[in-house]
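Novice: Mind having a look at this structure? Questions to follow.
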Amino acid sequence: MKVALQLYTVRDKMKVDYISTLRAVADVGYKYVEFAGHPFMSIDVLDLKKFLNEIGIKPVSAHIGFNDLENRFNEIISYAKSLGLKYLVSEPDVREISSLNECLKIAEKMNKIGKKVGDNGLRFGIHNHAIEFNKKFDGKTVYNIFVENTDPSLVFFQPDVYWIKYAGYDPVKVIEKLENRCFLVHLKDMKDEVSKDMIELGQGILNFKDIVKACEKAGTEYYIVENDRPSMDSIISVKKALEYLKENFEIE
């Protein structure tokens with residue numbers, strides 16, 4: 001099991017001093033990271049690559065704005081390739097979708113972006129929040145419409161298990177339908193079904209043993225720790241998350 005950290009979790013520290021923060025992430029024991037914002041695309045790519053190599057961290061993916069992928073594709077893909085990324089992940093603004101036809105048009109855009117990303121040697125994936133499950137057209141969730149109307153060879157899906165649970169769905173069942181389309185997963189825990197607050201990994205109600213079992217069958221390569229709202233210092237939070245995973249799973 002390869003475990004990465006979504007750096008959005010430690011964004012409070014990244015924006016102040018990304019160098020010391022990434023060193024702290026490495027010291028905690030993370031070998032892989034997923035970017036979301038600074039320093040991705042905001043510093044010289046060769047400097048970033050050299051630094052990550054020095055501290056023993058491999059960058060595997062980055063979250064990119066959906067519109068940015070359309071408007072700044074060449075710039076983004078060049079940076080991603082130079083950094084050695086394997087995956088690019090995005091998410092359209094589902095709040096703006098008001099019909100099935102609009103949904104299908106976005107799925108078509110996903111295929112086109114996925115083709116361009118694939119032609120450059122990377123894979124393109126879609127992340128979710130709760131809205132993809134809450135919003136429906138013709139009785140189908142936006143999420144299922146995207147899954148059914150995108151080419152499996154061009155577009156994969158990165159399920160965020162917390163947001164799936166938040167929307168009232170079972171993350172295991174969602175993942176089971178993503179065989180060979182679920183290379184990355186966001187592991188994030190929920191305190192309880194009443195408050196639906198986020199909590200440190202392993203301290204909430206999500207059944208990660210069943211989730212990981214489903215991911216293994218679906219072909220997941222990286223299990224990415226994320227916590228949008230840590231209940232403690234963000235570095236301590238990600239340390240506790242990794243400790244939980246090491247206690248319960250075989251970590252590479």
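Residues in the structure tokens are numbered from 1 in each chain, the chains being A, B, ... in the order shown, and ligands are numbered from 1 in the order shown.
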List as a PDB file with N, CA and C atoms, in the first residue's frame the protein and nucleic acid residues near segment 241-245 of chain A, meaning an atom at most 9 Å away when only C-alpha atoms are counted, but skip any in the same chain fewer than 3 places from it.
Specialist:
ATOM      1  N   VAL A   3       1.180   5.165   0.389  1.00  0.00           N
ATOM      2  CA  VAL A   3       0.423   6.242   1.019  1.00  0.00           C
ATOM      3  C   VAL A   3       1.024   7.597   0.668  1.00  0.00           C
ATOM      4  N   VAL A  28       7.843  13.045   9.042  1.00  0.00           N
ATOM      5  CA  VAL A  28       6.734  12.263   9.593  1.00  0.00           C
ATOM      6  C   VAL A  28       6.717  10.855   8.989  1.00  0.00           C
ATOM      7  N   GLY A  29       7.188  10.745   7.734  1.00  0.00           N
ATOM      8  CA  GLY A  29       7.267   9.438   7.101  1.00  0.00           C
ATOM      9  C   GLY A  29       6.576   9.292   5.761  1.00  0.00           C
ATOM     10  N   TYR A  30       6.043  10.392   5.225  1.00  0.00           N
ATOM     11  CA  TYR A  30       5.404  10.320   3.915  1.00  0.00           C
ATOM     12  C   TYR A  30       6.463  10.286   2.814  1.00  0.00           C
ATOM     13  N   GLU A 200      -9.594  13.197  12.467  1.00  0.00           N
ATOM     14  CA  GLU A 200      -8.363  12.529  12.072  1.00  0.00           C
ATOM     15  C   GLU A 200      -8.639  11.077  11.654  1.00  0.00           C
ATOM     16  N   LEU A 201      -7.892  10.618  10.689  1.00  0.00           N
ATOM     17  CA  LEU A 201      -8.084   9.298  10.094  1.00  0.00           C
ATOM     18  C   LEU A 201      -8.061   8.197  11.153  1.00  0.00           C
ATOM     19  N   GLY A 202      -9.067   7.336  11.097  1.00  0.00           N
ATOM     20  CA  GLY A 202      -9.134   6.217  12.025  1.00  0.00           C
ATOM     21  C   GLY A 202      -9.882   6.511  13.308  1.00  0.00           C
ATOM     22  N   GLN A 203     -10.277   7.771  13.501  1.00  0.00           N
ATOM     23  CA  GLN A 203     -10.976   8.150  14.731  1.00  0.00           C
ATOM     24  C   GLN A 203     -12.479   8.325  14.513  1.00  0.00           C
ATOM     25  N   VAL A 225      -3.905  10.552   1.925  1.00  0.00           N
ATOM     26  CA  VAL A 225      -4.455  11.105   3.165  1.00  0.00           C
ATOM     27  C   VAL A 225      -4.831  12.566   2.946  1.00  0.00           C
ATOM     28  N   GLU A 226      -6.049  12.921   3.379  1.00  0.00           N
ATOM     29  CA  GLU A 226      -6.456  14.322   3.295  1.00  0.00           C
ATOM     30  C   GLU A 226      -7.377  14.647   4.467  1.00  0.00           C
ATOM     31  N   ILE A 236       0.743  17.323  13.068  1.00  0.00           N
ATOM     32  CA  ILE A 236       0.406  16.264  14.026  1.00  0.00           C
ATOM     33  C   ILE A 236      -0.754  15.427  13.476  1.00  0.00           C
ATOM     34  N   SER A 237      -1.701  16.090  12.839  1.00  0.00           N
ATOM     35  CA  SER A 237      -2.851  15.401  12.249  1.00  0.00           C
ATOM     36  C   SER A 237      -2.414  14.387  11.197  1.00  0.00           C
ATOM     37  N   VAL A 238      -1.532  14.800  10.289  1.00  0.00           N
ATOM     38  CA  VAL A 238      -1.113  13.873   9.233  1.00  0.00           C
ATOM     39  C   VAL A 238      -0.202  12.783   9.788  1.00  0.00           C
ATOM     40  N   ASN A 248      -2.696  -0.599  10.783  1.00  0.00           N
ATOM     41  CA  ASN A 248      -3.782  -1.415  10.260  1.00  0.00           C
ATOM     42  C   ASN A 248      -3.560  -2.003   8.869  1.00  0.00           C
ATOM     43  N   PHE A 249      -2.540  -1.500   8.164  1.00  0.00           N
ATOM     44  CA  PHE A 249      -2.279  -1.968   6.811  1.00  0.00           C
ATOM     45  C   PHE A 249      -0.781  -2.110   6.575  1.00  0.00           C
ATOM     46  N   GLU A 250      -0.440  -2.828   5.513  1.00  0.00           N
ATOM     47  CA  GLU A 250       0.970  -2.946   5.126  1.00  0.00           C
ATOM     48  C   GLU A 250       1.335  -1.763   4.259  1.00  0.00           C
ATOM     49  N   ILE A 251       2.214  -0.901   4.764  1.00  0.00           N
ATOM     50  CA  ILE A 251       2.611   0.313   4.048  1.00  0.00           C
ATOM     51  C   ILE A 251       3.971   0.129   3.401  1.00  0.00           C
TER      52      ILE A 251
END
Novice: Quick one: residues within 9 Å of Phe183 of chain A, only C-alpha atoms counted, chain neighbours fewer than 6 positions away excluded, as a compact mmCIF listing (two decimals) with N, CA and C atoms, in the first residue's frame?
Specialist:
# COMPACT_ATOMS: atom_id res chain seq x y z
N TYR A 87 -0.13 11.56 -12.54
CA TYR A 87 -1.56 11.85 -12.62
C TYR A 87 -1.86 13.34 -12.51
N GLY A 125 -7.74 12.31 -14.05
CA GLY A 125 -8.78 11.81 -13.16
C GLY A 125 -9.71 12.89 -12.66
N PHE A 156 -10.11 8.53 -15.32
CA PHE A 156 -10.32 7.71 -14.14
C PHE A 156 -11.00 8.57 -13.07
N PHE A 157 -11.34 7.94 -11.95
CA PHE A 157 -12.02 8.66 -10.87
C PHE A 157 -11.27 8.48 -9.55
N GLN A 158 -11.15 9.61 -8.83
CA GLN A 158 -10.48 9.62 -7.53
C GLN A 158 -11.55 9.84 -6.46
N CYS A 215 -10.70 -0.91 -2.83
CA CYS A 215 -9.69 -0.21 -3.65
C CYS A 215 -8.70 -1.19 -4.26
N ALA A 218 -10.17 -2.65 -7.17
CA ALA A 218 -10.38 -1.66 -8.24
C ALA A 218 -9.06 -1.22 -8.89
N GLY A 219 -7.93 -1.59 -8.29
CA GLY A 219 -6.63 -1.25 -8.89
C GLY A 219 -6.02 0.04 -8.40
N THR A 220 -6.35 0.44 -7.17
CA THR A 220 -5.80 1.68 -6.61
C THR A 220 -4.30 1.57 -6.41
N GLU A 221 -3.58 2.60 -6.83
CA GLU A 221 -2.12 2.62 -6.69
C GLU A 221 -1.68 3.44 -5.48
N TYR A 222 -2.31 4.60 -5.26
CA TYR A 222 -1.92 5.47 -4.14
C TYR A 222 -3.14 5.81 -3.28
N TYR A 223 -2.96 5.64 -1.97
CA TYR A 223 -3.97 6.00 -0.98
C TYR A 223 -3.55 7.35 -0.39
Novice: Could you tell me which of A:Thr21, A:Ser231, A:Thr9, A:Thr150 comes closest to Lys105 of chain A if we count only C-alpha atoms?
Specialist: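 Looking at the shortest contact to Lys105 of chain A, the residue is A:Thr150.
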Novice: Compare A:Ala4, A:Leu22, A:Val94, A:Ile175 by their minimum atom-to-atom distance to Glu252 of chain A, counting only C-alpha atoms, and give me the closest one.
Specialist: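 Among A:Ala4, A:Leu22, A:Val94, A:Ile175, it is A:Ala4 that comes nearest to Glu252 of chain A.
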Novice: Using DSSP assignments from the backbone, pull out every residue in segment 32-152 of chain A that falls under strand (DSSP E or B) and give it to me as a list of chain:residue names.
Specialist: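 Checking each residue of segment 32-152 of chain A, the strand (DSSP E or B) ones are A:Tyr32, A:Val33, A:Glu34, A:Phe35, A:Lys58, A:Pro59, A:Val60, A:Ser61, A:Ala62, A:His63, A:Tyr87, A:Leu88, A:Val89, A:Ser90, A:Arg123, A:Phe124, A:Gly125, A:Ile126, A:His127, A:Lys136, A:Phe137, A:Lys140, A:Thr141.
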Novice: Considering only C-alpha atoms, can you say which of A:Gly114, A:Gly56, A:Gly168, A:Pro159 comes closest to Lys188 of chain A?
Specialist: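 So, comparing all the options, the nearest one is A:Pro159.
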Novice: Which one is closest to Phe73 of chain A: A:Asn120, A:Ser234, A:Asn111, A:Asn53? Count only C-alpha atoms.
Specialist: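 Nearest to Phe73 of chain A: A:Asn120.
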Novice: What residues in segment 119-252 of chain A get the DSSP label alpha helix (DSSP H)? Please answer as number ranges by chain.
Specialist: A: 119, 131-134, 142-148, 161-166, 171-176, 208-218, 234-248
Novice: State, in Å with one decimal place, the distance from atom CA of Lys81 of chain A to atom CA of Gly118 of chain A.
Specialist: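 Atom CA of Gly118 of chain A lies 11.5 Å from atom CA of Lys81 of chain A.
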Novice: From the set A:Leu154, A:Ile235, A:Ala167, A:Ile205, which residue has the shortest atom-to-atom contact distance to Ile131 of chain A, counting only C-alpha atoms?
Specialist: A:Ala167
Novice: Would you list the contacts of Val45 of chain A as a count of residues only, taking every protein, DNA or RNA residue within 7 Å and counting only C-alpha atoms, but skipping same-chain residues closer than 6 positions in sequence?
Specialist: 3
